[in-house]
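Below: the structure, in structure tokens.
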Amino acid sequence: MTFLLSLMPSIWPWLVLISAQLAALARRTGIAFSLLVLFISIASAIGLMSPTAIAAVVFSLVGAALLPHLKGWPAIVGHLLLILWCLVMGAHLLPGFNNLKILDQVQAGAGSASFTMHLNLDKPMVFFAILLAWPRMQRGKTQIKPTALLVGLLILPGLFLIGFSLGSVQPEFTVPPWWLVFALSNAFLTCLTEEAFFRGYLQSAFAARLGDAWSVIAASLLFGLAHFAGGPALVAFASILGLACGLGYYATKRLWVPVAMHFGFNLTHLFLFTYPGPL
């Protein structure tokens, strides 16, 4: 808590962004986008986003809002452009976003590799674009499929066992002083965005054409491939994690379920194992 409070003069705008995300998850769409406009205004005023970046976000959100009203080829092209835009934002390729570095070459524990973390401005915009372009993400009828949910939940500890057996992680109990700011960033700026894109959007869209089983597999493999920069092992691990989260979404049709599974996995990794890997 002390570390988080010490960062508050720099990170407080992100609390507005997180509030917008929470309002969206609670289906308070008007409040969510009002808070998003406030956040973008603050980010512009204090130099976190350039005019070019703001224009790109506004243009993309307007385009995303029009997508549900398109049919045929215009809809297909529109969704392909949206996917491309989401990938660009997720990879931080669009200039003009001054993502704040809050952890620089830190170690979770003595046996953990060092890593750097930013509070992102660009990647969370994906969540709001998906919300506009694919509103059914929040409208699915809840029909719990307990077997699929249980299998998804069991995959998570199984993934740690696989990682341990291959030497990719080692047991290491630690609670670093920066864990709370890590948790806020990971839950809202990373997990929520990624699950909205891969599960709420892609998996849901695939299901209409491929069926439920293949949609889970396809979205999981794409989630793994999105981690290609970390090497083949990370692609495999991420695909398995995607499978678990995909089953969670399939079993409940509620976005918060795969978000909670993804975040719970990452937080367990931080507290109980070498993060992001051993030295």
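Residues are named by chain letter and number: chains run A, B, ... in the order of the structure tokens, numbers start at 1 in each chain, and ligands are numbered from 1 in the order shown.
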Give me the residues of stretch 82-176 of chain A that have any atom at most 9 Å from an atom of stretch 262-277 of chain A; for each, the nearest atom pair and the distance in Å, rounded to one decimal. Use only C-alpha atoms, sort by chain and number, and format it as CSV.
residue,atom,partner,partner_atom,distance
A:Gln107,CA,A:Tyr275,CA,7.7
A:Ala108,CA,A:Tyr275,CA,6.2
A:Gly109,CA,A:Thr274,CA,7.0
A:Ala110,CA,A:Thr274,CA,8.6
A:Gly111,CA,A:Thr274,CA,6.2
A:Ser112,CA,A:Thr274,CA,4.6
A:Ala113,CA,A:Gly277,CA,5.7
A:Ser114,CA,A:Pro276,CA,7.9
A:Phe115,CA,A:Pro276,CA,7.5
A:Leu156,CA,A:Phe265,CA,6.7
A:Pro157,CA,A:Phe265,CA,8.3
A:Phe160,CA,A:His269,CA,8.2
A:Gly167,CA,A:Gly277,CA,9.0
A:Ser168,CA,A:Gly277,CA,6.1
A:Val169,CA,A:Gly277,CA,5.3
A:Gln170,CA,A:Thr274,CA,5.5
A:Pro171,CA,A:Phe273,CA,4.3
A:Glu172,CA,A:Phe273,CA,4.5
A:Phe173,CA,A:Leu272,CA,4.4
A:Thr174,CA,A:Phe271,CA,5.2
A:Val175,CA,A:Phe271,CA,5.8
A:Pro176,CA,A:Phe271,CA,8.2
Rows by chain and residue number, stretch 91-157 of chain A within 10 Å of stretch 200-204 of chain A, shortest pair, only C-alpha atoms, as JSON lines:
{"residue": "A:Phe127", "atom": "CA", "partner": "A:Gly200", "partner_atom": "CA", "distance": 9.7}
{"residue": "A:Ile130", "atom": "CA", "partner": "A:Tyr201", "partner_atom": "CA", "distance": 6.8}
{"residue": "A:Leu131", "atom": "CA", "partner": "A:Tyr201", "partner_atom": "CA", "distance": 8.8}
{"residue": "A:Ala133", "atom": "CA", "partner": "A:Tyr201", "partner_atom": "CA", "distance": 8.9}
{"residue": "A:Trp134", "atom": "CA", "partner": "A:Tyr201", "partner_atom": "CA", "distance": 6.5}
{"residue": "A:Pro135", "atom": "CA", "partner": "A:Tyr201", "partner_atom": "CA", "distance": 9.2}
{"residue": "A:Arg136", "atom": "CA", "partner": "A:Gly200", "partner_atom": "CA", "distance": 8.4}
{"residue": "A:Met137", "atom": "CA", "partner": "A:Gly200", "partner_atom": "CA", "distance": 5.1}
{"residue": "A:Gln138", "atom": "CA", "partner": "A:Gly200", "partner_atom": "CA", "distance": 8.1}
{"residue": "A:Gly140", "atom": "CA", "partner": "A:Ser204", "partner_atom": "CA", "distance": 9.7}
Once you have the residues from the selection above, write them out as a compact mmCIF listing (two decimals), in the first residue's frame, restricted to N, CA, C and O atoms.
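The result, written out as out.txt:
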# COMPACT_ATOMS: atom_id res chain seq x y z
N PHE A 127 -10.43 -2.62 -25.13
CA PHE A 127 -11.62 -3.08 -24.41
C PHE A 127 -12.84 -2.27 -24.80
O PHE A 127 -13.92 -2.82 -25.06
N ILE A 130 -14.00 -3.01 -28.44
CA ILE A 130 -14.70 -4.28 -28.52
C ILE A 130 -16.11 -4.15 -27.93
O ILE A 130 -17.08 -4.71 -28.45
N LEU A 131 -16.23 -3.40 -26.86
CA LEU A 131 -17.53 -3.21 -26.22
C LEU A 131 -18.52 -2.57 -27.19
O LEU A 131 -19.70 -2.94 -27.21
N ALA A 133 -18.13 -2.54 -30.67
CA ALA A 133 -18.26 -3.32 -31.90
C ALA A 133 -18.97 -4.65 -31.70
O ALA A 133 -19.58 -5.17 -32.63
N TRP A 134 -18.88 -5.20 -30.50
CA TRP A 134 -19.43 -6.54 -30.24
C TRP A 134 -20.21 -6.51 -28.94
O TRP A 134 -19.85 -7.14 -27.96
N PRO A 135 -21.34 -5.79 -28.90
CA PRO A 135 -22.09 -5.63 -27.65
C PRO A 135 -22.61 -6.94 -27.08
O PRO A 135 -22.89 -7.03 -25.88
N ARG A 136 -22.73 -7.97 -27.92
CA ARG A 136 -23.21 -9.27 -27.42
C ARG A 136 -22.25 -9.88 -26.41
O ARG A 136 -22.61 -10.82 -25.72
N MET A 137 -21.03 -9.37 -26.34
CA MET A 137 -20.07 -9.84 -25.35
C MET A 137 -20.63 -9.74 -23.93
O MET A 137 -20.32 -10.54 -23.07
N GLN A 138 -21.47 -8.74 -23.71
CA GLN A 138 -22.04 -8.50 -22.40
C GLN A 138 -23.48 -8.99 -22.28
O GLN A 138 -24.09 -8.84 -21.23
N GLY A 140 -24.76 -12.21 -23.34
CA GLY A 140 -25.00 -13.64 -23.41
C GLY A 140 -25.83 -14.14 -22.24
O GLY A 140 -25.70 -13.66 -21.12
Residue among A:Met49, A:Val257, A:Leu234, A:Leu81 lying closest to A:Leu153, counting only C-alpha atoms: A:Val257
Closest atom pairs, residues of stretch 118-169 of chain A within 6 Å of stretch 239-248 of chain A, only C-alpha atoms, as CSV:
residue,atom,partner,partner_atom,distance
A:Ala148,CA,A:Leu247,CA,5.7
A:Leu149,CA,A:Gly248,CA,5.1
A:Gly152,CA,A:Ala244,CA,4.1
A:Ile155,CA,A:Ala244,CA,5.9
